[in-house]
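Peer 1: My structure file my_file28.txt, compact mmCIF, C-alpha atoms, is below:
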# COMPACT_ATOMS: atom_id res chain seq x y z
CA MET A 1 -25.99 49.90 -19.78
CA LYS A 2 -26.45 47.10 -22.23
CA ASP A 3 -28.49 47.72 -25.36
CA ASP A 4 -31.76 46.01 -24.52
CA GLY A 5 -34.23 48.43 -26.05
CA LEU A 6 -34.91 50.37 -22.85
CA GLY A 7 -32.25 53.10 -22.88
CA ASP A 8 -32.73 56.49 -21.19
CA GLY A 9 -35.91 58.03 -19.88
CA ARG A 10 -38.76 58.36 -22.35
CA LEU A 11 -42.51 58.11 -22.77
CA GLU A 12 -44.10 55.40 -24.91
CA VAL A 13 -47.83 55.45 -25.63
CA ILE A 14 -50.04 52.56 -26.74
CA ALA A 15 -53.43 53.86 -27.87
CA GLY A 16 -56.54 52.66 -29.66
CA PRO A 17 -60.19 51.71 -29.19
CA MET A 18 -61.51 48.92 -27.03
CA PHE A 19 -60.52 45.37 -28.10
CA ALA A 20 -57.40 46.59 -29.95
CA GLY A 21 -54.90 44.68 -27.78
CA LYS A 22 -53.51 47.67 -25.86
CA SER A 23 -53.11 45.80 -22.58
CA GLU A 24 -51.57 42.83 -24.39
CA GLU A 25 -48.94 45.10 -25.90
CA LEU A 26 -48.29 46.71 -22.52
CA LEU A 27 -47.85 43.27 -20.97
CA ARG A 28 -45.49 42.24 -23.78
CA ARG A 29 -43.23 45.18 -23.00
CA VAL A 30 -43.37 44.39 -19.28
CA ARG A 31 -42.29 40.79 -19.96
CA ARG A 32 -39.41 41.91 -22.17
CA ALA A 33 -38.19 44.35 -19.52
CA ARG A 34 -38.28 41.63 -16.88
CA ILE A 35 -36.40 39.22 -19.12
CA ALA A 36 -33.80 41.98 -19.44
CA GLN A 37 -33.70 42.05 -15.61
CA ARG A 38 -35.04 45.58 -15.34
CA GLY A 39 -37.03 46.73 -12.35
CA VAL A 40 -40.67 47.15 -13.41
CA LEU A 41 -43.61 48.85 -11.72
CA VAL A 42 -47.05 48.04 -13.15
CA VAL A 43 -49.84 50.48 -12.25
CA SER A 44 -53.61 50.16 -12.67
CA HIS A 45 -56.51 52.42 -11.71
CA ALA A 46 -58.83 51.53 -8.85
CA LEU A 47 -61.85 51.89 -11.17
CA ASP A 48 -60.80 48.93 -13.29
CA ALA A 49 -61.60 45.82 -11.29
CA ARG A 50 -63.04 43.79 -14.18
CA ARG A 51 -60.55 40.97 -13.66
CA GLY A 52 -59.78 41.58 -10.01
CA VAL A 53 -58.21 44.43 -8.07
CA GLY A 54 -54.44 44.70 -8.32
CA ARG A 55 -54.07 43.06 -11.70
CA VAL A 56 -53.55 44.23 -15.28
CA SER A 57 -55.08 41.73 -17.69
CA SER A 58 -55.83 41.49 -21.38
CA HIS A 59 -59.01 40.19 -23.00
CA SER A 60 -57.06 37.03 -23.86
CA GLY A 61 -56.59 36.31 -20.17
CA GLN A 62 -52.91 37.15 -19.77
CA GLY A 63 -52.09 39.31 -16.79
CA VAL A 64 -49.62 40.46 -14.15
CA PRO A 65 -50.02 41.82 -10.62
CA SER A 66 -50.20 45.61 -10.37
CA ARG A 67 -50.20 48.40 -7.84
CA THR A 68 -53.58 50.12 -7.75
CA VAL A 69 -54.13 53.84 -7.23
CA SER A 70 -57.05 56.20 -7.75
CA ASP A 71 -55.08 59.36 -8.56
CA ALA A 72 -52.15 59.94 -10.90
CA ALA A 73 -50.44 61.98 -8.18
CA ASP A 74 -50.05 58.75 -6.16
CA ILE A 75 -47.92 57.02 -8.79
CA PRO A 76 -44.52 58.58 -7.92
CA GLY A 77 -44.94 57.46 -4.31
CA LEU A 78 -45.08 53.83 -5.46
CA LEU A 79 -41.47 54.10 -6.62
CA GLU A 80 -40.33 54.60 -3.04
CA SER A 81 -41.34 51.03 -2.18
CA GLY A 82 -39.65 49.60 -5.26
CA PRO A 83 -36.04 50.73 -5.49
CA GLY A 84 -34.35 49.98 -8.78
CA THR A 85 -37.44 50.60 -10.91
CA GLU A 86 -36.50 51.44 -14.50
CA LEU A 87 -39.82 50.95 -16.30
CA VAL A 88 -43.25 52.16 -15.19
CA ALA A 89 -46.17 50.58 -17.06
CA ILE A 90 -49.57 52.29 -16.66
CA ASP A 91 -52.74 50.69 -17.99
CA GLU A 92 -56.15 52.31 -18.70
CA ALA A 93 -54.61 55.80 -18.77
CA GLN A 94 -57.98 57.41 -19.56
CA PHE A 95 -59.17 56.78 -16.01
CA PHE A 96 -56.42 59.03 -14.60
CA GLY A 97 -57.46 62.12 -16.56
CA ALA A 98 -55.32 65.14 -17.35
CA GLY A 99 -53.38 64.81 -14.09
CA LEU A 100 -51.45 61.90 -15.59
CA VAL A 101 -49.65 64.12 -18.12
CA PRO A 102 -47.32 66.02 -15.75
CA VAL A 103 -46.72 62.88 -13.68
CA VAL A 104 -45.44 60.76 -16.56
CA SER A 105 -43.51 63.68 -18.03
CA ASP A 106 -41.69 64.06 -14.71
CA LEU A 107 -40.98 60.34 -14.43
CA ALA A 108 -39.54 60.23 -17.96
CA GLY A 109 -37.48 63.31 -17.17
CA ARG A 110 -36.01 61.45 -14.20
CA GLY A 111 -34.68 58.77 -16.54
CA LEU A 112 -37.49 56.22 -16.32
CA VAL A 113 -39.09 54.51 -19.28
CA VAL A 114 -42.84 55.11 -18.94
CA VAL A 115 -45.21 52.99 -21.01
CA VAL A 116 -48.82 54.16 -20.98
CA ALA A 117 -51.76 52.32 -22.55
CA GLY A 118 -55.26 53.70 -22.91
CA LEU A 119 -58.29 54.52 -25.00
CA SER A 120 -57.73 57.15 -27.65
CA VAL A 121 -61.46 57.72 -28.26
CA THR A 122 -64.64 57.77 -26.19
CA PHE A 123 -67.61 55.56 -27.07
CA ASP A 124 -69.15 58.50 -28.91
CA GLY A 125 -66.09 58.94 -31.12
CA GLN A 126 -64.38 61.90 -29.45
CA PRO A 127 -60.68 62.22 -28.45
CA PHE A 128 -60.27 60.76 -24.97
CA SER A 129 -58.02 62.88 -22.74
CA PRO A 130 -55.27 62.42 -21.67
CA LEU A 131 -54.25 60.16 -24.57
CA PRO A 132 -54.02 62.96 -27.20
CA GLU A 133 -51.82 65.00 -24.87
CA LEU A 134 -49.64 62.02 -24.00
CA MET A 135 -49.21 61.10 -27.67
CA ALA A 136 -48.06 64.64 -28.41
CA LEU A 137 -45.32 64.40 -25.76
CA ALA A 138 -44.19 60.81 -26.35
CA GLU A 139 -41.01 59.62 -27.99
CA SER A 140 -42.97 56.76 -29.52
CA VAL A 141 -46.65 56.09 -30.19
CA GLU A 142 -48.23 52.82 -31.25
CA LYS A 143 -51.79 53.30 -32.50
CA LEU A 144 -53.62 49.98 -32.58
CA THR A 145 -56.90 49.08 -34.24
CA ALA A 146 -59.50 46.46 -33.42
CA VAL A 147 -61.69 44.49 -35.82
CA CYS A 148 -65.01 46.01 -36.82
CA SER A 149 -67.85 43.85 -35.52
CA VAL A 150 -69.94 44.69 -38.60
CA CYS A 151 -67.60 44.20 -41.57
CA GLY A 152 -64.25 42.98 -40.25
CA ALA A 153 -62.28 46.07 -41.33
CA ASP A 154 -59.75 47.87 -39.13
CA ALA A 155 -61.67 49.56 -36.33
CA ALA A 156 -60.42 52.78 -34.75
CA PHE A 157 -63.63 53.29 -32.76
CA HIS A 158 -65.93 51.50 -30.34
CA VAL A 159 -69.62 52.08 -29.61
CA ARG A 160 -72.10 51.15 -26.91
CA VAL A 161 -74.36 48.34 -28.04
CA PRO A 162 -78.18 48.42 -27.79
CA GLY A 163 -79.29 47.09 -24.44
CA ALA A 164 -75.98 47.84 -22.72
CA PRO A 165 -76.22 48.71 -19.02
CA PRO A 166 -76.91 52.44 -18.72
CA VAL A 167 -74.24 54.96 -17.80
CA PRO A 168 -74.97 58.01 -15.63
CA ASP A 169 -76.19 61.19 -17.30
CA ALA A 170 -73.48 63.20 -15.55
CA ASP A 171 -70.07 62.76 -13.97
CA GLY A 172 -70.25 60.64 -10.85
CA PRO A 173 -68.13 60.00 -7.77
CA GLY A 174 -65.22 57.62 -8.03
CA PRO A 175 -62.64 56.37 -5.51
CA GLY A 176 -61.71 59.11 -3.06
CA GLY A 177 -64.71 61.19 -4.10
CA ALA A 178 -63.14 62.40 -7.35
CA LEU A 179 -65.52 62.92 -10.26
CA VAL A 180 -65.34 60.25 -12.93
CA PRO A 181 -66.35 61.25 -16.47
CA VAL A 182 -69.25 59.33 -18.00
CA ALA A 183 -66.94 58.24 -20.82
CA ALA A 184 -64.64 56.52 -18.34
CA HIS A 185 -67.14 53.94 -17.12
CA VAL A 186 -65.80 50.43 -17.32
CA GLY A 187 -67.26 47.74 -19.55
CA GLY A 188 -66.47 44.94 -21.93
CA SER A 189 -68.05 43.04 -24.79
CA GLU A 190 -71.41 43.11 -23.00
CA SER A 191 -71.51 46.88 -23.47
CA TYR A 192 -69.25 47.80 -26.40
CA GLU A 193 -68.35 46.75 -29.94
CA ALA A 194 -65.42 47.80 -32.11
CA ARG A 195 -66.40 49.66 -35.28
CA CYS A 196 -64.67 51.04 -38.37
CA ARG A 197 -65.29 54.61 -39.49
CA ARG A 198 -67.96 53.48 -41.93
CA HIS A 199 -70.00 51.69 -39.30
CA LYS A 200 -69.34 53.72 -36.14
CA ASP A 201 -72.67 55.52 -36.54
CA ALA A 202 -74.62 52.53 -37.78
Can you give me the file's structure in the form of structure tokens?
Peer 2:
Amino acid sequence: MKDDGLGDGRLEVIAGPMFAGKSEELLRRVRRARIAQRGVLVVSHALDARRGVGRVSSHSGQGVPSRTVSDAADIPGLLESGPGTELVAIDEAQFFGAGLVPVVSDLAGRGLVVVVAGLSVTFDGQPFSPLPELMALAESVEKLTAVCSVCGADAAFHVRVPGAPPVPDADGPGPGGALVPVAAHVGGSESYEARCRRHKDA
């Protein structure tokens, strides 16, 4: 195998708050793999339809088609329809919950490069599973920051803005009837702002 930066199976994690460019970095790695003529499978969660179902997109508007599932256990089955896959790129990992951890560990153990992007913190500043677990198991971790909307400093957090659409008071049903944590509800700049540590509680 030629030295193109992919190599043997491994797990790569891209983590950070909202507006940090996680999806852009995921898409960059997908493009590089395709330039290297590697088989790529891009996976998104059914909950994230902000820019259309079956598409992973960044806030800057760049995007690629994706396969959409509602459960991490469905991801290995997607490989059966795409022989020759060498890289699996999974966006919005937080929507998949803890079930994503054994799935990606198994895929990496089978020799695939698995790139996972997701939120490392909830909107109330707590670690957002399964990102902490995935980061602990990964060969490489890229922790990105956004820009604080108050002072312009590096922002490792995001908060809900006053007047944002309400979220449920308890876990609610998602695709297939599975419970979706309150912290997983989808939103954008209409509901959230990036904040530095100094201003996350402002």
Peer 1: Quote the spacing between CA of Ala155 (chain A) and CA of Phe95 (chain A) in Å to one decimal place.
Peer 2: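 Computed distance, CA of Ala155 (chain A) to CA of Phe95 (chain A), equals 21.7 Å.
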Peer 1: Report the distance between CA of Asp48 (chain A) and CA of Glu190 (chain A) in Å, rounded to one decimal place.
Peer 2: 15.5 Å
Peer 1: With 6 Å added on each side, what axis-aligned box encloses every listed atom of region 107-123 of chain A? Give the centre and edge lengths in Å to one decimal, as lines of an AutoDock Vina configuration file.
Peer 2:
center_x = -51.1
center_y = 57.8
center_z = -21.2
size_x = 44.9
size_y = 23.0
size_z = 26.1
Peer 1: What is the distance, in Å and to one decimal place, between CA of Leu134 (chain A) and CA of Thr68 (chain A)?
Peer 2: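 Spanning CA of Leu134 (chain A) to CA of Thr68 (chain A) is a straight-line distance of 20.5 Å.
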Peer 1: Contacts of Ala136 (chain A) at 12 Å or less, counting only C-alpha atoms, minus same-chain residues fewer than 3 places along, as an mmCIF file with C-alpha atoms, in the frame of the given file?
Peer 2:
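The resulting part.cif:
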data_model
loop_
_atom_site.group_PDB
_atom_site.id
_atom_site.type_symbol
_atom_site.label_atom_id
_atom_site.label_comp_id
_atom_site.auth_asym_id
_atom_site.auth_seq_id
_atom_site.Cartn_x
_atom_site.Cartn_y
_atom_site.Cartn_z
ATOM 1 C CA LEU A 11 -42.510 58.110 -22.770
ATOM 2 C CA GLU A 12 -44.100 55.400 -24.910
ATOM 3 C CA VAL A 13 -47.830 55.450 -25.630
ATOM 4 C CA VAL A 101 -49.650 64.120 -18.120
ATOM 5 C CA SER A 105 -43.510 63.680 -18.030
ATOM 6 C CA SER A 129 -58.020 62.880 -22.740
ATOM 7 C CA PRO A 130 -55.270 62.420 -21.670
ATOM 8 C CA LEU A 131 -54.250 60.160 -24.570
ATOM 9 C CA PRO A 132 -54.020 62.960 -27.200
ATOM 10 C CA GLU A 133 -51.820 65.000 -24.870
ATOM 11 C CA GLU A 139 -41.010 59.620 -27.990
ATOM 12 C CA SER A 140 -42.970 56.760 -29.520
ATOM 13 C CA VAL A 141 -46.650 56.090 -30.190
#
Peer 1: Find the spatial neighbours of Val30 (chain A), counting all atoms listed in the file, within a cut-off of 10 Å - ignore same-chain residues fewer than 2 positions away - and output them as a list in words.
Peer 2: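 Listing them by chain and then by number gives Glu24, Glu25, Leu26, Leu27, Arg28, Arg32, Ala33, Arg34, Ile35, Ala36, Arg38, Gly39, Val40, Leu41, Val42, Val64, Leu87, Val88, Ala89 and Val115 of chain A.
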Peer 1: Within 12 Å of Pro17 (chain A), counting only C-alpha atoms, which residues qualify if same-chain residues fewer than 6 places away don't, as a VMD selection string?
Peer 2: chain A and resid 23 92 94 117 to 128 131 143 to 148 154 to 159 188 192 to 197 200
Peer 1: For Ser66 (chain A), which residue out of A:Val150, A:Ala15, A:Leu79, A:Val43 is the nearest one, using only C-alpha atoms?
Peer 2: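 Between A:Val150, A:Ala15, A:Leu79, A:Val43, the residue approaching Ser66 (chain A) most closely is A:Val43.
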Peer 1: Find the residue from A:Leu78, A:Val161, A:Ala46, A:Ala93 that sits nearest to Val116 (chain A); use only C-alpha atoms when measuring.
Peer 2: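 Looking only at the distances to Val116 (chain A), the closest residue turns out to be A:Ala93.
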Peer 1: Taking only C-alpha atoms into account, which of A:Gly63, A:Ser189, A:Ala72, A:Gly152 comes nearest Phe19 (chain A)?
Peer 2: A:Ser189
Peer 1: Hey, which of A:Leu137, A:Val56, A:Ala73, A:Leu107 ends up closest to Asp91 (chain A)? Count all atoms listed in the file.
Peer 2: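 Checking each candidate against Asp91 (chain A), we get A:Val56 as the closest.
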